[in-house]
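S.K.: Here it is, the structure, as structure tokens.
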Amino acid sequence: MSARARALAATFLLQWSATEPPVPDALVNLCGPVCVLPAHLPVGAVGTLFREPPFGSIIWLRKDEPPEARRLAAFHHMGHLALHPEILFCTMRGIADLPTEQEADSFARALLMPDRWLKRDVKEMELDLGALAKRYDVPHEAMAVRLRELGLLSA
Ligand SMILES: [Zn+2]
């Protein structure tokens with residue numbers, strides 16, 4: 001987990017005064033003008049970012065993906081906008097091992113599943129992965145990764 005991704009995600013949450021999940025989709029706009037559009041993208045490309053400074057950015061989200069997967073992809077790209085000025089294009093396909101991709105994923109998880117909220121909810125709701133994923137509006141796998149990251153779920 002990238003410390004700067006975590007710190008930046010916490011700053012955005014404070015800026016928005018968000019205190020309860022799910023984090024609003026509109027928060028994706030905090031890094032400048034972003035146009036988020038549904039698109040026919042190839043299988044495996046949940047979302048694609050195209051950035052054209054200084055004009056703004058476009059995030060295309062694959063129409064056939066479940067809404068929570070599209071949402072996670074949008075916030076992955078917000079991670080690039082916030083942390084990686086050098087990245088002008090990302091398709092999320094076959095590049096998951098790159099440090100910048102992992103950092104964008106860390107950012108999305110930290111923003112959509114803030115540690116304090118999740119620790120509180122795990123105490124109150126116990127470890128019901130499905131209920132937690134629904135409450136945070138994220139894919140089950142992402143919730144499982146986040147819980148492991150926080151030491152709330154064993155590997
Ligand atoms: Zn990416």
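Identifiers in the structure tokens: chain A, B, ... in order shown; residue index from 1 per chain; ligand index from 1 in order shown.
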If you count only C-alpha atoms, which residues fall within 8 Å of Leu112 (chain A), apart from same-chain ones fewer than 5 positions away, as a list in words?
M.R.: Pro21, Pro22, Val23, Leu72, Tyr136 and Val138 of chain A
S.K.: Store the residues picked out above in a file with N, CA and C atoms, as a PDB file, in the first residue's frame.
M.R.:
ATOM      1  N   PRO A  21     -19.924   5.510   3.902  1.00  0.00           N
ATOM      2  CA  PRO A  21     -19.957   4.931   2.560  1.00  0.00           C
ATOM      3  C   PRO A  21     -21.390   4.919   2.009  1.00  0.00           C
ATOM      4  N   PRO A  22     -21.585   4.836   0.698  1.00  0.00           N
ATOM      5  CA  PRO A  22     -20.522   4.823  -0.306  1.00  0.00           C
ATOM      6  C   PRO A  22     -20.009   6.234  -0.627  1.00  0.00           C
ATOM      7  N   VAL A  23     -18.739   6.310  -0.966  1.00  0.00           N
ATOM      8  CA  VAL A  23     -18.136   7.570  -1.416  1.00  0.00           C
ATOM      9  C   VAL A  23     -18.845   7.975  -2.719  1.00  0.00           C
ATOM     10  N   LEU A  72     -14.896   1.405  -9.499  1.00  0.00           N
ATOM     11  CA  LEU A  72     -13.525   1.159  -9.047  1.00  0.00           C
ATOM     12  C   LEU A  72     -12.528   1.619 -10.121  1.00  0.00           C
ATOM     13  N   TYR A 136     -20.223  -0.400   0.513  1.00  0.00           N
ATOM     14  CA  TYR A 136     -19.202   0.500  -0.039  1.00  0.00           C
ATOM     15  C   TYR A 136     -19.316   0.631  -1.560  1.00  0.00           C
ATOM     16  N   VAL A 138     -18.537  -1.526  -4.006  1.00  0.00           N
ATOM     17  CA  VAL A 138     -17.287  -1.971  -4.649  1.00  0.00           C
ATOM     18  C   VAL A 138     -17.401  -3.469  -4.961  1.00  0.00           C
TER      19      VAL A 138
END
S.K.: Give me the chain A side of the contact with ligand 1, cut-off 10 Å, one line per residue showing its nearest atom pair and distance in Å at one decimal, counting only C-alpha atoms and all ligand atoms, sorted by chain and residue number, as a Markdown table.
M.R.:
| residue | atom | partner | partner_atom_place_in_ligand_line | distance |
| --- | --- | --- | --- | --- |
| A:Gly47 | CA | ligand 1 | 1 (Zn) | 8.7 |
| A:Thr48 | CA | ligand 1 | 1 (Zn) | 8.0 |
| A:Leu49 | CA | ligand 1 | 1 (Zn) | 7.7 |
| A:Ala73 | CA | ligand 1 | 1 (Zn) | 8.4 |
| A:Ala74 | CA | ligand 1 | 1 (Zn) | 9.8 |
| A:Phe75 | CA | ligand 1 | 1 (Zn) | 9.8 |
| A:His76 | CA | ligand 1 | 1 (Zn) | 6.3 |
| A:His77 | CA | ligand 1 | 1 (Zn) | 5.9 |
| A:Met78 | CA | ligand 1 | 1 (Zn) | 9.2 |
| A:Gly79 | CA | ligand 1 | 1 (Zn) | 8.1 |
| A:His80 | CA | ligand 1 | 1 (Zn) | 6.5 |
| A:Leu81 | CA | ligand 1 | 1 (Zn) | 9.8 |
| A:His84 | CA | ligand 1 | 1 (Zn) | 9.7 |
| A:Ile87 | CA | ligand 1 | 1 (Zn) | 8.4 |
| A:Leu88 | CA | ligand 1 | 1 (Zn) | 9.8 |
| A:Phe89 | CA | ligand 1 | 1 (Zn) | 7.9 |
| A:Cys90 | CA | ligand 1 | 1 (Zn) | 4.8 |
| A:Thr91 | CA | ligand 1 | 1 (Zn) | 6.4 |
| A:Met92 | CA | ligand 1 | 1 (Zn) | 4.9 |
| A:Arg93 | CA | ligand 1 | 1 (Zn) | 8.4 |
| A:Ile95 | CA | ligand 1 | 1 (Zn) | 7.8 |
| A:Ala96 | CA | ligand 1 | 1 (Zn) | 7.7 |
| A:Leu98 | CA | ligand 1 | 1 (Zn) | 8.9 |
| A:Pro99 | CA | ligand 1 | 1 (Zn) | 9.8 |
| A:Thr100 | CA | ligand 1 | 1 (Zn) | 7.0 |
| A:Glu101 | CA | ligand 1 | 1 (Zn) | 4.7 |
| A:Gln102 | CA | ligand 1 | 1 (Zn) | 8.0 |
| A:Glu103 | CA | ligand 1 | 1 (Zn) | 8.7 |
| A:Ala104 | CA | ligand 1 | 1 (Zn) | 6.2 |
| A:Asp105 | CA | ligand 1 | 1 (Zn) | 7.7 |
S.K.: Could you give me, as a PyMOL selection string, each residue of chain A that DSSP assigns to alpha helix (DSSP H) when run on this structure's backbone?
M.R.: chain A and resi 3-16+67-83+99-112+115-125+129-136+140-149
S.K.: Taking only C-alpha atoms into account, name the residue in A:Glu149, A:Leu83, A:Ala108, A:Asp97 that is nearest to Leu13 (chain A).
M.R.: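 The shortest atom-to-atom distance to Leu13 (chain A) comes from A:Ala108.
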S.K.: Applying 10 Å and only C-alpha atoms, which residues near Gly56 (chain A) remain after dropping the ones on its own chain fewer than 2 positions away? List them as a list of chain:residue names.
M.R.: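 Final neighbour list, sorted by chain and number: A:Cys31, A:Gly32, A:Pro33, A:Val34, A:Cys35, A:Phe50, A:Arg51, A:Glu52, A:Pro53, A:Pro54, A:Ile58, A:Leu81.
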S.K.: Apply DSSP to the backbone of this structure and, from region 36-134 of chain A, keep only the residues in strand (DSSP E); write these as a VMD selection string.
M.R.: chain A and resid 36 to 39 47 to 52 56 to 62 89 to 90
S.K.: Would you export the selected residues with N, CA and C atoms as a compact mmCIF listing (two decimals), in the first residue's frame, please?
M.R.:
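Everything below was put into selection.txt:
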# COMPACT_ATOMS: atom_id res chain seq x y z
N VAL A 36 -16.74 11.54 -17.57
CA VAL A 36 -16.84 10.08 -17.43
C VAL A 36 -17.96 9.60 -18.34
N LEU A 37 -17.62 8.71 -19.28
CA LEU A 37 -18.59 8.27 -20.29
C LEU A 37 -18.64 6.75 -20.40
N PRO A 38 -19.83 6.19 -20.65
CA PRO A 38 -19.92 4.76 -20.94
C PRO A 38 -19.40 4.51 -22.36
N ALA A 39 -18.79 3.34 -22.60
CA ALA A 39 -18.22 3.08 -23.92
C ALA A 39 -18.19 1.59 -24.20
N GLY A 47 -11.89 0.20 -17.80
CA GLY A 47 -11.92 1.66 -17.96
C GLY A 47 -10.68 2.13 -18.67
N THR A 48 -10.83 3.20 -19.41
CA THR A 48 -9.69 3.78 -20.13
C THR A 48 -9.63 5.28 -19.84
N LEU A 49 -8.42 5.72 -19.55
CA LEU A 49 -8.20 7.15 -19.27
C LEU A 49 -7.48 7.78 -20.45
N PHE A 50 -7.95 8.93 -20.87
CA PHE A 50 -7.25 9.73 -21.87
C PHE A 50 -7.18 11.14 -21.33
N ARG A 51 -5.96 11.63 -21.27
CA ARG A 51 -5.73 12.91 -20.63
C ARG A 51 -5.15 13.90 -21.63
N GLU A 52 -5.68 15.09 -21.64
CA GLU A 52 -5.21 16.11 -22.59
C GLU A 52 -5.01 17.43 -21.84
N GLY A 56 -8.27 18.84 -19.86
CA GLY A 56 -9.01 17.96 -18.97
C GLY A 56 -8.81 16.51 -19.36
N SER A 57 -9.67 15.66 -18.85
CA SER A 57 -9.50 14.23 -19.04
C SER A 57 -10.83 13.58 -19.36
N ILE A 58 -10.72 12.44 -20.04
CA ILE A 58 -11.90 11.62 -20.31
C ILE A 58 -11.64 10.24 -19.72
N ILE A 59 -12.64 9.72 -19.03
CA ILE A 59 -12.58 8.32 -18.57
C ILE A 59 -13.74 7.59 -19.23
N TRP A 60 -13.39 6.59 -20.04
CA TRP A 60 -14.42 5.74 -20.63
C TRP A 60 -14.55 4.51 -19.76
N LEU A 61 -15.78 4.12 -19.47
CA LEU A 61 -16.02 2.93 -18.66
C LEU A 61 -16.81 1.92 -19.49
N ARG A 62 -16.35 0.68 -19.46
CA ARG A 62 -16.95 -0.36 -20.29
C ARG A 62 -18.39 -0.64 -19.87
N PHE A 89 -2.38 8.18 -20.61
CA PHE A 89 -3.26 7.17 -21.18
C PHE A 89 -3.13 5.89 -20.36
N CYS A 90 -4.25 5.28 -20.00
CA CYS A 90 -4.21 3.99 -19.30
C CYS A 90 -5.42 3.18 -19.71
S.K.: Quick one: everything within 7 Å of region 4-10 of chain A, counting only C-alpha atoms, minus sequence neighbours fewer than 2 positions away in the same chain. Send it as a list in words.
M.R.: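 Contacts, in chain order: Ser2, Phe12, Leu13, Leu14, Glu103, Ser106, Phe107, Ala110 and Leu111 of chain A.
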S.K.: What is the CA of Leu118 (chain A) to CA of Leu150 (chain A) distance in Å?
M.R.: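 Separating CA of Leu118 (chain A) from CA of Leu150 (chain A) is a distance of 9.0 Å.
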S.K.: Provide the CA of Ala18 (chain A) to CA of Arg70 (chain A) distance in Å, to one decimal place.
M.R.: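 Going from CA of Ala18 (chain A) over to CA of Arg70 (chain A) covers 20.6 Å.
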S.K.: How far is it from CA of Arg109 (chain A) to CA of Val122 (chain A), in Å with one decimal?
M.R.: 16.0 Å
S.K.: With distances taken over only C-alpha atoms, which of A:Val145, A:Leu41, A:Lys63, A:Thr19 is nearest to Trp117 (chain A)?
M.R.: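 Checking each of A:Val145, A:Leu41, A:Lys63, A:Thr19 against Trp117 (chain A), counting only C-alpha atoms, the winner is A:Thr19.
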S.K.: Compare A:Leu152, A:Ala26, A:Met143, A:Ala133 by their minimum atom-to-atom distance to Arg120 (chain A), counting only C-alpha atoms, and give me the closest one.
M.R.: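 Ranked by minimum distance to Arg120 (chain A), first place goes to A:Leu152.
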